[in-house]
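Novice: Before anything else, here's the structure in question.
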Amino acid sequence: MTFTIPIENGDAVKIAEAESQRTLYPYVTGTSIVAIKYKDGVLMASDMGGSYGSTLRYKNIERMKAIGKHSLLGASGEISDFQEILRYLDELTLNDNMWDDGNSLGPKEIHNYLTRVMYNRRNKFNPLWNTLVLGGVKNGKSYLGMVSMIGVSFEDDHVATGFGNHLARPILRDEWHADLSFEDGVKLLEKCMRVLLYRDRSAINKLQIAKITEEGVTVSQPYSLKTFWEFSSFHNPTASAEGSW
Amino acid sequence: MDLNLDAPHSMGTTIIGVTYNGGVVLGADSRTSTGMYVANRASDKITQLTDNVYVCRSGSAADSQVVSDYVRYFLHQHTIQQGQPATVKVSANLIRMLAYNNKNMLQTGLIVGGWDKYEGGKIYGIPLGGTVVEQPFAIGGSGSSYLYGFFDQAWKEDMTKEEAEQLVVKAVSLAIARDGASGGVVRTVIINSEGVTRNFYPGDKLQLWHEELEPQNSLLDILNAAGPEPMAM
């Protein structure tokens, strides 16, 4: 049994030390993030849900946060681990600012840092249970990348996590093209988010869309999407086959 | 039937924290169970951390007690260093620190509520895993499963102190009616700029719900009161 008193930011109190220190399973989780590059930068969408197993327990969680001036981080997976990552990034950006040399960390650097953190935790069999999406713009160049909980890291023109991989990416592969306008970008993301709302059990109808451009980061207010249910075959699907579904 | 008296003490529990215009109301049931046996039917699950911040405890009785003991200790030192009362946010973050860093070993869900001069009344939910969520109201414990729908319908912003307390008492009482792991009395703690008020609502003073009957002293009273044919079909 070890007990360490908290010293500044470093060691927090460990009530007991077990030999197997590993995160086994997530508790409060966020679902998909979808993000695309567009004409002026990057657009990212996420819903505001925090699921607790099958219960849609929290409906006001912001899963996208601005990092410094140039980047936006979106996370799916365990929310407590995402909150811890934000603390790490706070420390990183604070120390970077203290150099006071006019430099600031860009999305490429943040993505690299996160990749190192995630991969190292994976090696210790104690992963941060998240899939992270990092988007940003610096010096006119757009950047969009992703890191998974096992440290798989890459950049692309469009990314999605969780269910988004299966439902959103095919849409993006088909309909994304370079130099999308803001309006077309938002409509494309909303198309993806609507499909996720129909087909992902852990999705809720309350989402935000974030935009990063050279000017900075803005996260929209929360809003809901209209859904369509008026297919004729939805009205009486079992008319010719009672008991079927 | 296996009583399993060696099972760890767990507070099945219903815990609630609600903000109103001026402060917060915390509420909880009073049942602590050891397996199927009710080890304590009058526990106090709303625990003081500082003069102005309290925490509702659920899950493992031992884990929640030790976490709140550590945080009370840290907050005491923090208050001395600051020279003024600790804020609700700091209290919640200290709980988070312990809950997150010991997530593999702890099994406790907590609701931190209090009043400070900077932010007024605030409620923070800290479920398993150590996520911190600031909310206008929070529910937790096994009994809370039965209250999601109730709160979706009954909650509104800017309630008065009386409305808020009545909502909390009603909610805990409804949860007790359906959750075997919750029971006993309803305790509430109201925290605002003026201070802290503790209230106690014994089980037999609560409103009756569906298929619940008015408690009697004995069948004999019913027989005697009813008249000549009470046993007839």
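Chain labels A, B, ... are given in the sequence in which chains occur in the structure tokens; within each chain residues are numbered consecutively from 1, and ligands are likewise numbered from 1 in the order shown.
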Please provide as a PyMOL selection string all residues within 6 Å of Asp47 (chain A), with the sequence filter that same-chain residues fewer than 2 positions apart are discarded (counting only C-alpha atoms).
Specialist: chain A and resi 49+206-207
Novice: Please provide as a list in words all residues within 10 Å of Thr161 (chain A), with the sequence filter that same-chain residues fewer than 2 positions apart are discarded (counting only C-alpha atoms).
Specialist: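 That gives Thr31, Ser32, Ile33, Val34, Ala35, Gly74, Ala75, Ser76, Gly77, Asn130, Thr131, Leu132, Val133, Met146, Val147, Ser148, Val159, Phe163, Gly164, Asn165, His166, Leu167, Ala168 and Arg169 of chain A.
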Novice: For chain A, work out the contacting residues on chain B at 6 Å, counting only C-alpha atoms, and write them as an mmCIF file with N, CA and C atoms, in the first residue's frame.
Specialist:
```cif
data_model
loop_
_atom_site.group_PDB
_atom_site.id
_atom_site.type_symbol
_atom_site.label_atom_id
_atom_site.label_comp_id
_atom_site.auth_asym_id
_atom_site.auth_seq_id
_atom_site.Cartn_x
_atom_site.Cartn_y
_atom_site.Cartn_z
ATOM 1 N N GLY B 129 -15.419 6.544 -12.932
ATOM 2 C CA GLY B 129 -14.432 6.917 -13.947
ATOM 3 C C GLY B 129 -13.782 8.252 -13.647
ATOM 4 N N GLY B 130 -14.510 9.138 -12.947
ATOM 5 C CA GLY B 130 -13.898 10.413 -12.586
ATOM 6 C C GLY B 130 -14.186 11.556 -13.535
ATOM 7 N N THR B 131 -15.231 11.415 -14.367
ATOM 8 C CA THR B 131 -15.654 12.554 -15.184
ATOM 9 C C THR B 131 -16.299 13.581 -14.257
#
```
Novice: Could you name the residues that touch Ile126 (chain B) at 10 Å or less, counting only C-alpha atoms, but leaving out those on the same chain fewer than 5 positions away, as a PyMOL selection string?
Specialist: (chain A and resi 80) or (chain B and resi 92-93+95-96+99-100+108-112+131-134+138+140)
Novice: Let's see if you can do this: from backbone DSSP, list all alpha helix (DSSP H) residues in region 47-89 of chain A, as a PyMOL selection string.
Specialist: chain A and resi 79-89
Novice: Tell me which protein, DNA and RNA residues are within 6 Å of region 174-183 of chain B, counting only C-alpha atoms, leaving out same-chain ones fewer than 2 positions away, and put them as a list in words.
Specialist: Gly12, Thr13, Asp29, Arg31, Gly143, Tyr146, Ala171 and Val172 of chain B
Novice: So, counting only C-alpha atoms, which residue among B:Val168, B:Val67, B:Leu206, B:Asn40 is closest to Lys103 (chain B)?
Specialist: B:Val67
Novice: Within 8 Å of Trp176 (chain A), counting only C-alpha atoms, which residues qualify if same-chain residues fewer than 3 places away don't, as a PyMOL selection string?
Specialist: chain A and resi 158+171-173+180+188
Novice: What gap, in Å, lies between CA of Glu62 (chain A) and CA of Gly23 (chain B)?
Specialist: 24.8 Å
Novice: From a DSSP pass on the backbone, collect the residues of region 76-230 of chain A flagged as strand (DSSP E) and hand them back as a short mmCIF file (atom, residue, chain, number, x, y, z; two decimals) with C-alpha atoms, in the first residue's frame.
Specialist:
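Output saved as states_31.cif:
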```
data_model
loop_
_atom_site.label_atom_id
_atom_site.label_comp_id
_atom_site.auth_asym_id
_atom_site.auth_seq_id
_atom_site.Cartn_x
_atom_site.Cartn_y
_atom_site.Cartn_z
CA SER A 76 -14.97 10.18 -28.54
CA GLY A 77 -14.65 7.55 -25.83
CA GLU A 78 -14.22 7.95 -22.08
CA ASN A 130 -10.35 7.87 -26.55
CA THR A 131 -10.21 8.39 -30.28
CA LEU A 132 -9.08 11.95 -30.85
CA VAL A 133 -9.60 14.21 -33.87
CA LEU A 134 -7.26 17.15 -34.20
CA GLY A 135 -8.01 19.88 -36.71
CA GLY A 136 -6.43 23.27 -37.23
CA VAL A 137 -5.10 25.99 -39.48
CA LYS A 138 -1.74 27.67 -39.19
CA LYS A 141 -2.28 25.51 -44.12
CA SER A 142 -5.18 23.31 -43.01
CA TYR A 143 -4.50 20.23 -40.94
CA LEU A 144 -6.75 17.33 -39.98
CA GLY A 145 -5.59 14.22 -38.14
CA MET A 146 -6.71 11.45 -35.86
CA VAL A 147 -5.17 9.36 -33.01
CA SER A 153 -2.19 8.12 -36.00
CA PHE A 154 -2.74 9.62 -39.44
CA GLU A 155 -3.88 12.67 -41.38
CA HIS A 158 -11.90 13.78 -43.82
CA VAL A 159 -12.02 11.65 -40.66
CA ALA A 160 -14.61 10.06 -38.43
CA LEU A 207 -25.07 18.73 -31.76
CA GLN A 208 -22.45 21.36 -32.32
CA ILE A 209 -20.41 22.20 -35.38
CA ALA A 210 -17.01 23.81 -34.94
CA LYS A 211 -15.05 25.80 -37.46
CA ILE A 212 -11.33 26.50 -37.50
CA THR A 213 -9.87 29.02 -39.88
CA GLY A 216 -9.46 31.23 -35.02
CA VAL A 217 -11.81 28.66 -33.55
CA THR A 218 -15.57 28.98 -33.16
CA VAL A 219 -17.88 26.34 -31.75
#
```
Novice: Which residues come within 8 Å of Gly114 (chain B), counting only C-alpha atoms, excluding same-chain residues fewer than 5 positions away, as a list in words?
Specialist: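 The residues satisfying every condition are Gly23, Val24, Asn52, Val53, Tyr54, Val88, Gly121, Lys122, Ile123, Ile191 and Asn192 of chain B.
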Novice: Can you write out the residues you just picked, keeping all heavy atoms, as a short mmCIF file (atom, residue, chain, number, x, y, z; two decimals), in the first residue's frame?
Specialist:
```
data_model
loop_
_atom_site.label_atom_id
_atom_site.label_comp_id
_atom_site.auth_asym_id
_atom_site.auth_seq_id
_atom_site.Cartn_x
_atom_site.Cartn_y
_atom_site.Cartn_z
N GLY B 23 -29.39 28.91 -4.37
CA GLY B 23 -28.55 27.90 -3.74
C GLY B 23 -28.79 26.52 -4.32
O GLY B 23 -29.18 26.38 -5.49
N VAL B 24 -28.57 25.52 -3.48
CA VAL B 24 -28.77 24.14 -3.93
C VAL B 24 -29.52 23.35 -2.87
O VAL B 24 -29.50 23.70 -1.68
CB VAL B 24 -27.42 23.42 -4.20
CG1 VAL B 24 -26.64 24.12 -5.28
CG2 VAL B 24 -26.59 23.27 -2.95
N ASN B 52 -19.70 25.19 3.57
CA ASN B 52 -20.58 25.54 2.47
C ASN B 52 -20.64 24.51 1.35
O ASN B 52 -21.30 24.73 0.32
CB ASN B 52 -20.15 26.90 1.87
CG ASN B 52 -18.68 26.87 1.47
OD1 ASN B 52 -17.82 26.37 2.20
ND2 ASN B 52 -18.37 27.42 0.31
N VAL B 53 -19.98 23.36 1.48
CA VAL B 53 -19.98 22.35 0.43
C VAL B 53 -20.24 20.98 1.04
O VAL B 53 -19.57 20.56 1.99
CB VAL B 53 -18.63 22.29 -0.32
CG1 VAL B 53 -18.70 21.26 -1.44
CG2 VAL B 53 -18.26 23.65 -0.89
N TYR B 54 -21.24 20.29 0.46
CA TYR B 54 -21.58 18.94 0.92
C TYR B 54 -21.48 17.99 -0.26
O TYR B 54 -21.48 18.42 -1.42
CB TYR B 54 -23.00 18.91 1.48
CG TYR B 54 -23.12 19.42 2.90
CD1 TYR B 54 -22.83 20.76 3.21
CD2 TYR B 54 -23.51 18.59 3.93
CE1 TYR B 54 -22.94 21.23 4.50
CE2 TYR B 54 -23.63 19.04 5.24
CZ TYR B 54 -23.33 20.38 5.53
OH TYR B 54 -23.44 20.84 6.82
N VAL B 88 -17.05 25.62 -4.50
CA VAL B 88 -17.63 24.32 -4.85
C VAL B 88 -16.80 23.66 -5.95
O VAL B 88 -16.57 22.46 -5.95
CB VAL B 88 -19.10 24.47 -5.32
CG1 VAL B 88 -19.78 23.13 -5.40
CG2 VAL B 88 -19.86 25.38 -4.39
N GLY B 121 -24.94 28.99 -6.09
CA GLY B 121 -25.20 27.56 -5.90
C GLY B 121 -24.76 26.76 -7.12
O GLY B 121 -25.07 27.14 -8.24
N LYS B 122 -24.00 25.67 -6.89
CA LYS B 122 -23.53 24.85 -8.02
C LYS B 122 -23.62 23.37 -7.67
O LYS B 122 -23.41 22.98 -6.52
CB LYS B 122 -22.07 25.16 -8.34
CG LYS B 122 -21.86 26.44 -9.12
CD LYS B 122 -22.26 26.32 -10.55
CE LYS B 122 -22.05 27.63 -11.28
NZ LYS B 122 -22.74 27.74 -12.54
N ILE B 123 -23.89 22.55 -8.68
CA ILE B 123 -23.94 21.09 -8.50
C ILE B 123 -22.97 20.46 -9.50
O ILE B 123 -22.97 20.81 -10.68
CB ILE B 123 -25.35 20.56 -8.79
CG1 ILE B 123 -26.35 21.06 -7.77
CG2 ILE B 123 -25.36 19.04 -8.85
CD1 ILE B 123 -26.33 20.35 -6.46
N ILE B 191 -28.37 24.45 0.93
CA ILE B 191 -27.19 25.31 1.13
C ILE B 191 -27.37 26.58 0.31
O ILE B 191 -27.62 26.53 -0.90
CB ILE B 191 -25.91 24.61 0.66
CG1 ILE B 191 -25.84 23.19 1.22
CG2 ILE B 191 -24.67 25.41 1.11
CD1 ILE B 191 -24.75 22.35 0.62
N ASN B 192 -27.26 27.72 0.99
CA ASN B 192 -27.32 29.01 0.27
C ASN B 192 -26.47 30.03 1.00
O ASN B 192 -25.71 29.66 1.90
CB ASN B 192 -28.78 29.48 0.14
CG ASN B 192 -29.50 29.47 1.48
OD1 ASN B 192 -28.90 29.76 2.52
ND2 ASN B 192 -30.77 29.14 1.46
#
```
Novice: When you count only C-alpha atoms, which of these residues is closest to Cys56 (chain B): B:Phe200, B:Tyr124, B:Tyr20, B:Tyr73?
Specialist: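 With only C-alpha atoms as the atom set, the closest residue is B:Tyr124.
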Novice: Given the choices A:Gly41, A:Gly30, A:Pro127, A:Gly151, which gets closest to Arg201 (chain A) if the distance is worked out from only C-alpha atoms?
Specialist: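 For Arg201 (chain A), the nearest of the given residues is A:Gly30.
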Novice: If I take CA of Glu91 (chain A) and CA of Ala66 (chain A), how far is one from the other in Å, to one decimal?
Specialist: 14.2 Å
Novice: When you draw a straight line from CA of Ser33 (chain B) to CA of Phe137 (chain B), how long is it in Å?
Specialist: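 Separation of CA of Ser33 (chain B) and CA of Phe137 (chain B): 26.0 Å.
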Novice: Show me, as a PyMOL selection string, the residues that have an atom within 9 Å of Glu119 (chain B) when counting only C-alpha atoms, minus same-chain residues fewer than 4 positions from it.
Specialist: chain B and resi 87-89+115
